[in-house]
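Peer 1: Just work-v4.cif, nothing more (mmCIF, C-alpha atoms):
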```cif
data_model
loop_
_atom_site.label_atom_id
_atom_site.label_comp_id
_atom_site.auth_asym_id
_atom_site.auth_seq_id
_atom_site.Cartn_x
_atom_site.Cartn_y
_atom_site.Cartn_z
CA MET A 28 110.34 299.22 70.04
CA PRO A 29 106.63 298.93 69.35
CA VAL A 30 104.98 296.17 67.39
CA GLN A 31 105.62 297.03 63.72
CA SER A 32 103.39 295.64 61.02
CA GLY A 33 106.21 295.60 58.47
CA SER A 34 108.84 293.85 60.58
CA PRO A 35 110.51 290.76 59.10
CA ILE A 36 110.26 289.13 62.54
CA GLU A 37 106.99 287.46 63.46
CA ILE A 38 106.13 285.92 66.83
CA VAL A 39 103.32 283.42 67.24
CA THR A 40 101.28 284.34 70.32
CA LEU A 41 97.96 283.24 71.83
CA ASP A 42 94.69 285.06 71.17
CA TRP A 43 93.27 284.60 74.67
CA VAL A 44 94.27 283.15 78.06
CA PRO A 45 92.55 282.87 81.45
CA ASP A 46 92.99 285.89 83.73
CA PHE A 47 95.77 284.34 85.82
CA ALA A 48 97.94 283.93 82.72
CA ARG A 49 97.53 287.45 81.33
CA GLY A 50 100.98 289.04 81.19
CA TYR A 51 102.59 285.64 81.78
CA VAL A 52 102.28 283.95 78.37
CA ARG A 53 105.80 283.06 77.36
CA ASP A 54 105.89 285.29 74.32
CA PHE A 55 106.61 288.07 76.86
CA ARG A 56 110.16 286.73 77.13
CA VAL A 57 110.74 287.12 73.40
CA ARG A 58 109.03 290.53 73.31
CA TRP A 59 111.24 291.59 76.24
CA ALA A 60 114.42 290.48 74.46
CA LEU A 61 113.41 292.30 71.28
CA GLU A 62 112.62 295.44 73.28
CA GLU A 63 116.04 295.30 74.99
CA ALA A 64 117.69 294.83 71.60
CA GLY A 65 115.63 297.58 69.98
CA ILE A 66 114.30 295.25 67.29
CA GLY A 67 110.74 295.56 66.02
CA TYR A 68 108.41 292.62 65.50
CA ARG A 69 104.89 291.69 64.54
CA THR A 70 102.67 288.98 65.98
CA ASP A 71 100.47 286.21 64.64
CA PRO A 72 98.05 285.08 67.35
CA VAL A 73 97.02 281.43 67.23
CA SER A 74 93.78 280.17 68.74
CA THR A 75 94.11 279.10 72.37
CA VAL A 76 90.90 277.12 72.50
CA ALA A 77 91.28 275.44 69.10
CA ARG A 78 95.00 275.21 68.33
CA PRO A 79 95.26 274.32 64.61
CA ALA A 80 96.75 270.86 64.07
CA ALA A 81 99.14 272.36 61.51
CA TYR A 82 100.75 274.46 64.25
CA PHE A 83 102.32 271.33 65.73
CA ALA A 84 104.51 271.10 62.64
CA GLU A 85 105.98 274.45 63.70
CA GLN A 86 105.93 273.94 67.48
CA PRO A 87 106.17 270.24 68.38
CA PHE A 88 104.38 270.69 71.71
CA GLY A 89 101.77 273.20 70.53
CA GLN A 90 103.17 275.87 72.86
CA VAL A 91 103.78 279.54 72.19
CA PRO A 92 105.81 281.42 71.21
CA ALA A 93 107.20 280.37 67.89
CA TYR A 94 109.44 282.65 65.85
CA ARG A 95 109.68 283.34 62.13
CA GLU A 96 112.30 285.42 60.42
CA GLY A 97 112.89 284.82 56.72
CA ALA A 98 113.68 281.12 56.41
CA VAL A 99 114.45 280.83 60.14
CA ARG A 100 111.82 278.94 62.15
CA MET A 101 112.36 278.64 65.90
CA PHE A 102 110.48 277.47 68.95
CA GLU A 103 111.18 277.51 72.72
CA SER A 104 111.25 280.99 74.20
CA GLY A 105 114.65 280.37 75.82
CA ALA A 106 116.19 279.46 72.47
CA ILE A 107 114.61 282.46 70.77
CA VAL A 108 115.93 284.78 73.48
CA LEU A 109 119.44 283.38 72.98
CA HIS A 110 119.07 283.76 69.21
CA ILE A 111 118.10 287.42 69.60
CA ALA A 112 120.86 287.93 72.17
CA GLU A 113 123.48 286.96 69.61
CA ARG A 114 122.77 290.11 67.67
CA SER A 115 122.67 292.59 70.55
CA GLU A 116 125.30 293.54 73.07
CA ALA A 117 122.41 294.74 75.24
CA LEU A 118 121.72 291.07 75.96
CA LEU A 119 125.06 289.34 75.48
CA PRO A 120 128.54 290.75 76.15
CA ARG A 121 130.87 290.56 73.17
CA ASP A 122 133.85 289.19 75.12
CA ALA A 123 134.19 285.41 75.46
CA VAL A 124 134.29 285.44 79.26
CA GLY A 125 131.17 287.56 79.68
CA ARG A 126 129.35 285.68 76.95
CA ALA A 127 130.06 282.34 78.64
CA ARG A 128 128.77 283.67 81.97
CA ALA A 129 125.54 284.97 80.43
CA LEU A 130 124.98 281.64 78.71
CA SER A 131 125.59 279.77 81.98
CA TRP A 132 122.97 281.85 83.77
CA ALA A 133 120.51 281.54 80.90
CA VAL A 134 120.65 277.76 81.08
CA ALA A 135 120.66 277.81 84.89
CA ALA A 136 117.34 279.65 84.69
CA LEU A 137 115.92 277.19 82.18
CA ASN A 138 117.17 273.93 83.65
CA SER A 139 118.03 274.43 87.35
CA VAL A 140 115.57 277.07 88.56
CA GLU A 141 112.48 277.07 86.36
CA PRO A 142 111.72 273.31 86.51
CA MET A 143 111.08 273.34 90.27
CA LEU A 144 109.06 276.54 89.95
CA MET A 145 106.97 274.93 87.20
CA GLU A 146 106.40 272.01 89.55
CA LEU A 147 105.30 274.43 92.28
CA ALA A 148 102.93 276.10 89.83
CA THR A 149 101.43 272.68 89.09
CA VAL A 150 101.04 271.95 92.79
CA ASP A 151 99.54 275.35 93.63
CA ARG A 152 97.33 275.90 90.62
CA PHE A 153 96.76 273.05 88.21
CA ALA A 154 96.60 270.28 90.82
CA GLN A 155 95.12 272.45 93.54
CA GLY A 156 92.91 270.39 95.85
CA GLU A 157 94.50 267.09 94.90
CA GLU A 158 95.84 265.00 97.76
CA TRP A 159 99.23 264.42 96.16
CA ALA A 160 99.73 268.16 95.71
CA ARG A 161 98.96 268.79 99.39
CA LEU A 162 101.40 266.07 100.48
CA ARG A 163 104.10 267.10 98.00
CA ARG A 164 104.13 270.82 98.71
CA PRO A 165 106.29 270.96 101.88
CA SER A 166 109.28 269.10 100.43
CA LEU A 167 109.02 271.01 97.16
CA VAL A 168 108.88 274.35 98.97
CA ALA A 169 111.98 273.30 100.90
CA ASP A 170 113.77 272.55 97.62
CA VAL A 171 112.73 275.90 96.16
CA GLU A 172 113.82 277.76 99.29
CA LYS A 173 117.22 276.09 99.15
CA ARG A 174 117.65 276.98 95.48
CA LEU A 175 116.60 280.60 96.10
CA GLY A 176 119.16 280.82 98.90
CA GLN A 177 121.87 279.58 96.55
CA LEU A 178 120.80 282.05 93.91
CA ALA A 179 120.77 284.91 96.42
CA ALA A 180 124.26 283.92 97.56
CA ALA A 181 125.53 283.94 93.98
CA LEU A 182 123.94 287.33 93.30
CA GLY A 183 125.34 288.88 96.47
CA THR A 184 125.08 292.66 96.36
CA ARG A 185 125.35 292.99 92.59
CA ASP A 186 122.66 294.70 90.54
CA TYR A 187 122.54 291.79 88.10
CA LEU A 188 123.93 288.25 88.20
CA GLU A 189 127.13 289.32 86.44
CA GLY A 190 126.96 293.01 87.34
CA ARG A 191 125.40 294.14 84.07
CA PHE A 192 122.08 292.97 82.62
CA THR A 193 122.24 290.02 80.20
CA ALA A 194 119.96 287.42 78.63
CA GLY A 195 120.73 285.36 81.75
CA ASP A 196 118.95 287.92 83.91
CA LEU A 197 116.08 288.14 81.44
CA LEU A 198 115.47 284.39 81.67
CA MET A 199 116.10 284.21 85.43
CA ALA A 200 113.69 287.04 86.22
CA SER A 201 111.16 285.48 83.84
CA ALA A 202 111.42 282.18 85.71
CA LEU A 203 111.16 283.86 89.11
CA ARG A 204 107.82 285.39 88.07
CA MET A 205 106.42 281.90 88.62
CA LEU A 206 106.66 282.73 92.33
CA ASP A 207 104.41 285.80 92.02
CA HIS A 208 101.59 283.92 93.77
CA THR A 209 103.85 283.37 96.80
CA ASP A 210 105.93 285.56 99.12
CA MET A 211 108.97 283.30 98.87
CA LEU A 212 111.31 285.94 97.43
CA ALA A 213 110.75 288.15 100.47
CA ALA A 214 113.03 285.91 102.52
CA HIS A 215 115.93 287.13 100.35
CA PRO A 216 115.75 290.94 100.20
CA LEU A 217 118.65 291.36 97.76
CA LEU A 218 117.17 288.75 95.42
CA ALA A 219 113.74 290.37 95.72
CA ALA A 220 115.30 293.76 94.89
CA TYR A 221 117.07 292.15 91.92
CA GLN A 222 113.76 290.83 90.66
CA GLN A 223 112.11 294.24 91.06
CA ARG A 224 115.08 295.82 89.24
CA CYS A 225 114.68 293.45 86.29
CA LEU A 226 110.92 293.97 86.13
CA ALA A 227 111.24 297.76 86.31
CA ARG A 228 113.22 297.85 83.07
CA PRO A 229 111.37 299.80 80.37
CA ALA A 230 111.81 296.90 77.95
CA PHE A 231 110.03 294.50 80.30
CA LEU A 232 107.18 296.94 80.92
CA ALA A 233 106.76 297.54 77.19
CA ALA A 234 106.71 293.77 76.55
CA ILE A 235 103.96 293.14 79.09
CA GLU A 236 101.95 296.11 77.88
CA ALA A 237 102.17 294.81 74.31
CA GLN A 238 101.08 291.32 75.33
CA LEU A 239 98.11 292.58 77.33
CA ALA A 240 97.05 294.91 74.52
CA GLU A 241 96.79 292.00 72.11
CA LEU A 242 95.11 289.37 74.27
CA ARG A 243 91.35 289.20 73.98
CA ILE A 244 89.47 289.73 77.21
CA GLU A 245 86.62 287.32 76.41
CA MET A 246 87.21 283.70 75.53
CA PRO A 247 86.55 283.35 71.81
CA GLU A 248 83.92 280.93 70.55
CA PRO A 249 85.49 277.63 69.45
CA ALA A 250 85.59 277.46 65.68
CA MET B 24 139.53 262.32 71.98
CA PRO B 25 140.86 260.87 75.22
CA VAL B 26 141.38 262.74 78.44
CA GLN B 27 144.59 264.72 77.95
CA SER B 28 146.57 265.91 80.96
CA GLY B 29 147.86 268.96 79.10
CA SER B 30 144.55 270.22 77.73
CA PRO B 31 143.60 273.85 78.42
CA ILE B 32 140.04 272.66 79.07
CA GLU B 33 139.22 271.34 82.53
CA ILE B 34 135.90 269.81 83.61
CA VAL B 35 134.93 269.52 87.25
CA THR B 36 133.50 266.05 87.88
CA LEU B 37 132.53 264.01 90.95
CA ASP B 38 134.89 261.51 92.57
CA TRP B 39 132.20 258.97 93.46
CA VAL B 40 128.46 258.38 93.00
CA PRO B 41 126.04 255.61 94.03
CA ASP B 42 125.76 252.72 91.59
CA PHE B 43 122.55 253.95 89.95
CA ALA B 44 124.24 257.22 88.93
CA ARG B 45 127.38 255.69 87.40
CA GLY B 46 127.49 256.72 83.75
CA TYR B 47 124.74 259.28 84.36
CA VAL B 48 126.61 262.11 86.10
CA ARG B 49 126.03 265.18 83.97
CA ASP B 50 129.64 265.68 83.04
CA PHE B 51 128.97 262.92 80.47
CA ARG B 52 127.12 265.51 78.38
CA VAL B 53 130.15 267.77 78.24
CA ARG B 54 132.54 264.85 77.62
CA TRP B 55 130.22 263.72 74.81
CA ALA B 56 130.21 267.17 73.19
CA LEU B 57 134.00 267.39 73.38
CA GLU B 58 134.34 263.91 71.88
CA GLU B 59 132.02 264.86 69.00
CA ALA B 60 134.06 268.04 68.45
CA GLY B 61 137.39 266.21 68.73
CA ILE B 62 138.57 268.46 71.55
CA GLY B 63 140.67 267.05 74.41
CA TYR B 64 140.06 267.84 78.07
CA ARG B 65 141.21 267.03 81.56
CA THR B 66 139.14 266.59 84.69
CA ASP B 67 139.24 267.82 88.27
CA PRO B 68 137.07 265.57 90.46
CA VAL B 69 135.44 267.26 93.44
CA SER B 70 134.38 265.35 96.53
CA THR B 71 130.82 264.03 96.35
CA VAL B 72 130.44 263.38 100.07
CA ALA B 73 132.12 266.59 101.24
CA ARG B 74 131.66 269.24 98.52
CA PRO B 75 134.07 272.08 99.39
CA ALA B 76 132.22 275.27 100.32
CA ALA B 77 134.48 277.18 97.92
CA TYR B 78 133.06 275.20 95.02
CA PHE B 79 129.75 277.06 95.35
CA ALA B 80 131.52 280.22 94.20
CA GLU B 81 132.16 278.39 90.92
CA GLN B 82 128.87 276.46 90.69
CA PRO B 83 126.05 278.28 92.53
CA PHE B 84 124.11 275.08 93.21
CA GLY B 85 127.09 272.84 93.98
CA GLN B 86 126.34 270.65 90.95
CA VAL B 87 128.73 269.18 88.42
CA PRO B 88 130.02 269.74 85.86
CA ALA B 89 131.76 273.09 85.86
CA TYR B 90 134.04 274.15 83.03
CA ARG B 91 137.34 276.04 83.00
CA GLU B 92 139.17 277.24 79.93
CA GLY B 93 141.63 280.09 80.38
CA ALA B 94 139.64 282.92 81.95
CA VAL B 95 136.33 281.33 80.96
CA ARG B 96 134.36 279.82 83.86
CA MET B 97 131.08 278.11 83.06
CA PHE B 98 128.46 276.00 84.78
CA GLU B 99 125.31 274.14 83.63
CA SER B 100 126.03 271.23 81.31
CA GLY B 101 123.53 272.53 78.74
CA ALA B 102 125.31 275.88 78.53
CA ILE B 103 128.71 274.22 78.29
CA VAL B 104 127.50 271.96 75.47
CA LEU B 105 126.22 275.03 73.57
CA HIS B 106 129.54 276.80 74.20
CA ILE B 107 131.48 273.85 72.78
CA ALA B 108 129.00 273.57 69.89
CA GLU B 109 129.86 277.08 68.77
CA ARG B 110 133.30 275.93 67.78
CA SER B 111 132.39 272.73 65.97
CA GLU B 112 130.23 272.12 62.95
CA ALA B 113 129.91 268.54 64.21
CA LEU B 114 127.49 269.95 66.81
CA LEU B 115 126.07 273.08 65.23
CA PRO B 116 125.42 273.76 61.53
CA ARG B 117 127.11 276.89 60.24
CA ASP B 118 124.04 278.22 58.39
CA ALA B 119 121.61 280.47 60.26
CA VAL B 120 118.59 278.27 59.62
CA GLY B 121 120.22 275.05 60.80
CA ARG B 122 121.81 276.77 63.75
CA ALA B 123 118.45 278.16 64.89
CA ARG B 124 116.86 274.70 64.63
CA ALA B 125 119.61 273.06 66.67
CA LEU B 126 119.30 275.75 69.33
CA SER B 127 115.51 275.28 69.44
CA TRP B 128 115.90 271.55 70.04
CA ALA B 129 118.64 272.06 72.62
CA VAL B 130 116.39 274.30 74.70
CA ALA B 131 113.38 272.04 74.09
CA ALA B 132 115.39 269.23 75.67
CA LEU B 133 116.39 271.40 78.64
CA ASN B 134 113.12 273.17 79.32
CA SER B 135 110.22 271.18 77.79
CA VAL B 136 111.33 267.54 78.03
CA GLU B 137 113.88 267.14 80.82
CA PRO B 138 111.88 268.87 83.60
CA MET B 139 109.07 266.30 83.53
CA LEU B 140 111.60 263.47 83.31
CA MET B 141 113.43 264.89 86.33
CA GLU B 142 110.10 264.96 88.15
CA LEU B 143 109.53 261.31 87.20
CA ALA B 144 113.00 260.44 88.47
CA THR B 145 112.09 262.09 91.77
CA VAL B 146 108.84 260.14 91.97
CA ASP B 147 110.42 256.81 91.05
CA ARG B 148 113.67 257.02 92.94
CA PHE B 149 114.17 259.82 95.42
CA ALA B 150 110.62 259.86 96.78
CA GLN B 151 110.02 256.16 96.27
CA GLY B 152 107.59 254.82 98.89
CA GLU B 153 106.13 258.21 99.69
CA GLU B 154 102.38 258.53 99.42
CA TRP B 155 102.47 261.70 97.30
CA ALA B 156 104.75 259.97 94.79
CA ARG B 157 102.37 257.02 94.48
CA LEU B 158 99.40 259.35 93.97
CA ARG B 159 101.24 261.66 91.58
CA ARG B 160 102.70 259.04 89.28
CA PRO B 161 99.71 258.29 87.00
CA SER B 162 99.10 261.90 85.92
CA LEU B 163 102.82 262.52 85.51
CA VAL B 164 103.25 259.40 83.40
CA ALA B 165 100.34 260.58 81.24
CA ASP B 166 102.10 263.94 80.75
CA VAL B 167 105.37 262.22 79.84
CA GLU B 168 103.61 259.87 77.41
CA LYS B 169 101.94 262.82 75.70
CA ARG B 170 105.25 264.67 75.38
CA LEU B 171 107.00 261.58 74.01
CA GLY B 172 104.24 261.21 71.43
CA GLN B 173 104.74 264.82 70.34
CA LEU B 174 108.49 264.30 70.15
CA ALA B 175 108.05 261.12 68.11
CA ALA B 176 105.71 262.95 65.74
CA ALA B 177 108.27 265.73 65.26
CA LEU B 178 111.07 263.23 64.63
CA GLY B 179 109.05 261.23 62.14
CA THR B 180 111.26 258.89 60.16
CA ARG B 181 114.38 261.05 60.31
CA ASP B 182 117.63 259.76 61.76
CA TYR B 183 118.02 262.85 63.93
CA LEU B 184 115.65 265.68 64.87
CA GLU B 185 116.81 267.81 61.95
CA GLY B 186 118.16 264.98 59.79
CA ARG B 187 121.79 265.38 60.85
CA PHE B 188 123.14 265.11 64.42
CA THR B 189 123.40 268.37 66.38
CA ALA B 190 123.81 269.59 69.95
CA GLY B 191 120.01 269.42 70.08
CA ASP B 192 120.14 265.64 69.68
CA LEU B 193 122.94 265.39 72.20
CA LEU B 194 120.86 267.15 74.84
CA MET B 195 117.61 265.40 73.88
CA ALA B 196 119.16 261.93 74.03
CA SER B 197 120.84 262.87 77.31
CA ALA B 198 117.48 263.89 78.76
CA LEU B 199 115.75 260.75 77.48
CA ARG B 200 118.26 258.62 79.40
CA MET B 201 116.26 259.60 82.48
CA LEU B 202 113.71 257.07 81.25
CA ASP B 203 116.21 254.19 81.29
CA HIS B 204 114.50 252.73 84.38
CA THR B 205 111.22 252.51 82.43
CA ASP B 206 110.04 251.00 79.15
CA MET B 207 108.22 254.15 78.09
CA LEU B 208 110.23 254.72 74.90
CA ALA B 209 109.16 251.31 73.60
CA ALA B 210 105.71 252.70 72.78
CA HIS B 211 107.38 254.83 70.09
CA PRO B 212 109.62 252.54 68.01
CA LEU B 213 111.06 255.32 65.83
CA LEU B 214 111.87 257.42 68.88
CA ALA B 215 113.39 254.41 70.63
CA ALA B 216 115.52 253.73 67.53
CA TYR B 217 116.57 257.39 67.50
CA GLN B 218 117.68 257.12 71.11
CA GLN B 219 119.65 253.95 70.35
CA ARG B 220 121.21 255.69 67.33
CA CYS B 221 122.36 258.61 69.48
CA LEU B 222 123.73 256.34 72.19
CA ALA B 223 125.57 254.14 69.69
CA ARG B 224 127.70 257.07 68.55
CA PRO B 225 131.38 256.48 69.28
CA ALA B 226 131.63 259.86 70.99
CA PHE B 227 128.88 258.93 73.46
CA LEU B 228 130.45 255.56 74.21
CA ALA B 229 133.85 257.16 74.76
CA ALA B 230 132.32 259.75 77.09
CA ILE B 231 130.65 257.14 79.27
CA GLU B 232 133.75 254.96 79.32
CA ALA B 233 135.82 257.96 80.44
CA GLN B 234 133.37 258.85 83.20
CA LEU B 235 133.23 255.29 84.52
CA ALA B 236 137.01 254.95 84.42
CA GLU B 237 137.41 257.97 86.70
CA LEU B 238 134.67 257.36 89.26
CA ARG B 239 135.76 255.58 92.40
CA ILE B 240 133.98 252.32 93.11
CA GLU B 241 134.00 252.66 96.88
CA MET B 242 132.56 255.67 98.67
CA PRO B 243 135.50 257.70 99.96
CA GLU B 244 135.85 258.41 103.66
CA PRO B 245 134.50 261.88 104.50
CA ALA B 246 137.39 264.26 105.14
#
```
Output the file's structure in the form of C-alpha cells.

Peer 2:
Amino acid sequence: MPVQSGSPIEIVTLDWVPDFARGYVRDFRVRWALEEAGIGYRTDPVSTVARPAAYFAEQPFGQVPAYREGAVRMFESGAIVLHIAERSEALLPRDAVGRARALSWAVAALNSVEPMLMELATVDRFAQGEEWARLRRPSLVADVEKRLGQLAAALGTRDYLEGRFTAGDLLMASALRMLDHTDMLAAHPLLAAYQQRCLARPAFLAAIEAQLAELRIEMPEPA
Amino acid sequence: MPVQSGSPIEIVTLDWVPDFARGYVRDFRVRWALEEAGIGYRTDPVSTVARPAAYFAEQPFGQVPAYREGAVRMFESGAIVLHIAERSEALLPRDAVGRARALSWAVAALNSVEPMLMELATVDRFAQGEEWARLRRPSLVADVEKRLGQLAAALGTRDYLEGRFTAGDLLMASALRMLDHTDMLAAHPLLAAYQQRCLARPAFLAAIEAQLAELRIEMPEPA
C-alpha cells in the first residue's frame, strides 16, 4: 500500500540520516507492518539535525517513529507494530494459541535479541576506536553467537518462527538487520535463509523503498 | 491472589538463585501482573544449576519465566504481562487511546529503558573488575542519566505514566529495579517517588513475597 496523502494514519519520520542509517531508520518497521496489513499511511518528517523541543512531548526520548491516528498517539516502533497487528490476521493469528506465540516472539526480539545487537552496534560503530569497545567486543560477540545459536535451534527447518509469518518475525528480522555489517548469520544457514525470506517479502521491500524515497540525500541546514 | 495449586495457569520459575537475585527473578513481573488482575496461578520450578535440555524447547534461551495455560505456551515476561493485561482493566484501559498509551510505555520499558540498564548491570556486576567495564562505565552512566531525565520529564507530576497504573508502569518499574544497586533515581525526586509508589502496591509486595517463599536458600546439589 503506497503512502497516501489522505490516510488517517500518520507516521513521524526523520528528514535526513547519515548514509549508514538509510533504510534502517525505525519507521521502516511500522511501514512494513502497514504494508503487510494493506493499510495506507502518510508521513510527517521531523528535523534530524534540529529536533523540535515540542516533539519530546509526543516521543519522550525524541526518537522516531511516532504514530498518530485520530486521538491515538503512540511511540516505540515495537508497540506500534503490535497495535497494527491487532487489526490484521496477516500479522497476528486470530486463535489464542497462535496469538500468544506471536506475542512471545515479538517481545523476544525486542528484549532478548535486539538489546545485545544494539550493544554490538555501539561497539562497532558509535564507539569505534575506543579502548573499551575493543576490549568488550570478544565477550559480546560470544554472547551474540550463543543467542543466534539458540534462535536457530528454535527456528529449526521452519519457514518462519511459528511456521507462518507474524509480527514476531517482522520484529525479529528487523532486529537481525543490526548484524548487516557482520557475517555472523552465515554460521547458521537456516537462520540466514529465514532472514533472507523475511527481507524478500514485498511488504518489506516496499517499506524500505518508501523510506529511501522520502529521506533527503543532503544534510539540511540547521534552522 | 495467592499461589493456588488448582489454577489452570502455571508459571515456570527457578528453584534457586544467588542472594543478589532473590526477589529479582523475572517471574516476579508475571506474578505481579496476575496479582494486579486477581488471577491465581501455580508454579513449576526448574533447576537453576542443571537446566533440563528439554526446557529449551519451551523457552528458546533457557530463561524464566515461561507460561502455560491450557494449550497456550508463552515465554518472555514482557509478552506474558501483556497477555495477562488483555484480560484485566486493572492493567490495560479498555478504550483505544488508553490502551495504545499503555502499550507504548510497556515497549518503551522493554526496548528503550531496560537494555541500557541491563548493560549497566553487566558492567557493575557480571563484568566487575574487567578493564572494559571500568572504561565503559562513565559514558554508559551518562546515557542512563539522560534517559532517566527524559523519563522524569514525561512523567511530570503524575502518579503514573498515564495518570492511572497500567502494564506500562508495571514493566517500567520492573526495569528501573535494575538501578537498585545505585542511587541514580535520587537525582529525579518525582521519578524516585513514582518508583516507590509502584513498588508499594500490594500486588507487587505479594509477588515478591511469593517468589522469595519458593526459592531455596541453599544451592541444590547438581543432579

Peer 1: Run the PyMOL selection byres ((chain B and resi 86) around 10) against the file shown and list the residues it catches, as a ChimeraX atom specification.

Peer 2: /A:139 /B:35-37,48-50,71,74,78-79,81-85,87-89,98-100

Peer 1: Residues near Gly33 of chain A, anyone? I mean within 9 Å using all atoms listed in the file, not counting same-chain ones fewer than 2 positions away, as a short mmCIF file (atom, residue, chain, number, x, y, z; two decimals) with C-alpha atoms, keeping the file's coordinate frame.

Peer 2:
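Final output, saved to selection.cif:
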```cif
data_model
loop_
_atom_site.label_atom_id
_atom_site.label_comp_id
_atom_site.auth_asym_id
_atom_site.auth_seq_id
_atom_site.Cartn_x
_atom_site.Cartn_y
_atom_site.Cartn_z
CA GLN A 31 105.62 297.03 63.72
CA PRO A 35 110.51 290.76 59.10
CA ILE A 36 110.26 289.13 62.54
CA GLY A 67 110.74 295.56 66.02
CA TYR A 68 108.41 292.62 65.50
CA ARG A 69 104.89 291.69 64.54
#
```

Peer 1: If the PyMOL selection byres ((chain B and resi 121) around 10) is run on the structure shown, which residues does it catch, given as number ranges by chain?

Peer 2: A: 98-100; B: 115-120, 122-127, 185, 187, 189

Peer 1: Quick one, how far is atom CA of Ala154 of chain A from atom CA of Leu163 of chain B?

Peer 2: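 Rounded to one decimal, the two atoms are 11.3 Å apart.
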
Peer 1: Using all atoms listed in the file - which residues lie no farther than 12 Å from the point (133.2, 255.5, 77.6) in the file's frame? Write them as number ranges by chain.

Peer 2: B: 24-26, 45-47, 51-52, 54-55, 58, 222-238

Peer 1: Counting only C-alpha atoms, figure out which residue out of B:Val146, B:Trp39, B:Ala190, B:Val136 gets nearest to Ala60 of chain B.

Peer 2: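 Answer, going by the shortest atom-to-atom distance: B:Ala190.
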
Peer 1: Quick one: distance from atom CA of Val168 of chain A to atom CA of Glu146 of chain A in Å, one decimal?

Peer 2: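 Between atom CA of Val168 of chain A and atom CA of Glu146 of chain A the gap works out to 10.0 Å.
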
Peer 1: Please indicate the distance in Å from atom CA of Gly97 of chain A to atom CA of Leu61 of chain A, rounded to one decimal place.

Peer 2: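 Separating atom CA of Gly97 of chain A from atom CA of Leu61 of chain A is a distance of 16.4 Å.
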
Peer 1: Could segment 192-223 of chain A be written out with C-alpha atoms, as a compact mmCIF listing (two decimals), in the first residue's frame, please?

Peer 2:
```
# COMPACT_ATOMS: atom_id res chain seq x y z
CA PHE A 192 4.77 -15.11 9.16
CA THR A 193 3.70 -12.97 12.14
CA ALA A 194 4.58 -9.69 13.82
CA GLY A 195 7.13 -11.75 15.76
CA ASP A 196 9.05 -12.44 12.55
CA LEU A 197 8.73 -8.81 11.48
CA LEU A 198 10.36 -7.62 14.70
CA MET A 199 12.94 -10.44 14.80
CA ALA A 200 14.08 -9.86 11.22
CA SER A 201 14.16 -6.12 11.91
CA ALA A 202 16.42 -6.70 14.91
CA LEU A 203 18.68 -9.10 12.99
CA ARG A 204 19.34 -6.36 10.41
CA MET A 205 21.59 -4.85 13.07
CA LEU A 206 24.05 -7.59 12.09
CA ASP A 207 24.19 -6.49 8.44
CA HIS A 208 27.69 -5.09 8.98
CA THR A 209 28.89 -8.55 10.10
CA ASP A 210 28.82 -12.08 8.66
CA MET A 211 27.56 -13.60 11.91
CA LEU A 212 24.34 -15.02 10.46
CA ALA A 213 26.33 -17.08 7.96
CA ALA A 214 27.26 -19.53 10.72
CA HIS A 215 23.58 -20.54 10.85
CA PRO A 216 22.44 -21.24 7.28
CA LEU A 217 18.79 -21.90 8.17
CA LEU A 218 18.62 -18.69 10.20
CA ALA A 219 20.33 -16.76 7.41
CA ALA A 220 17.80 -18.19 4.92
CA TYR A 221 14.99 -17.20 7.30
CA GLN A 222 16.31 -13.66 7.39
CA GLN A 223 16.55 -13.53 3.59
```
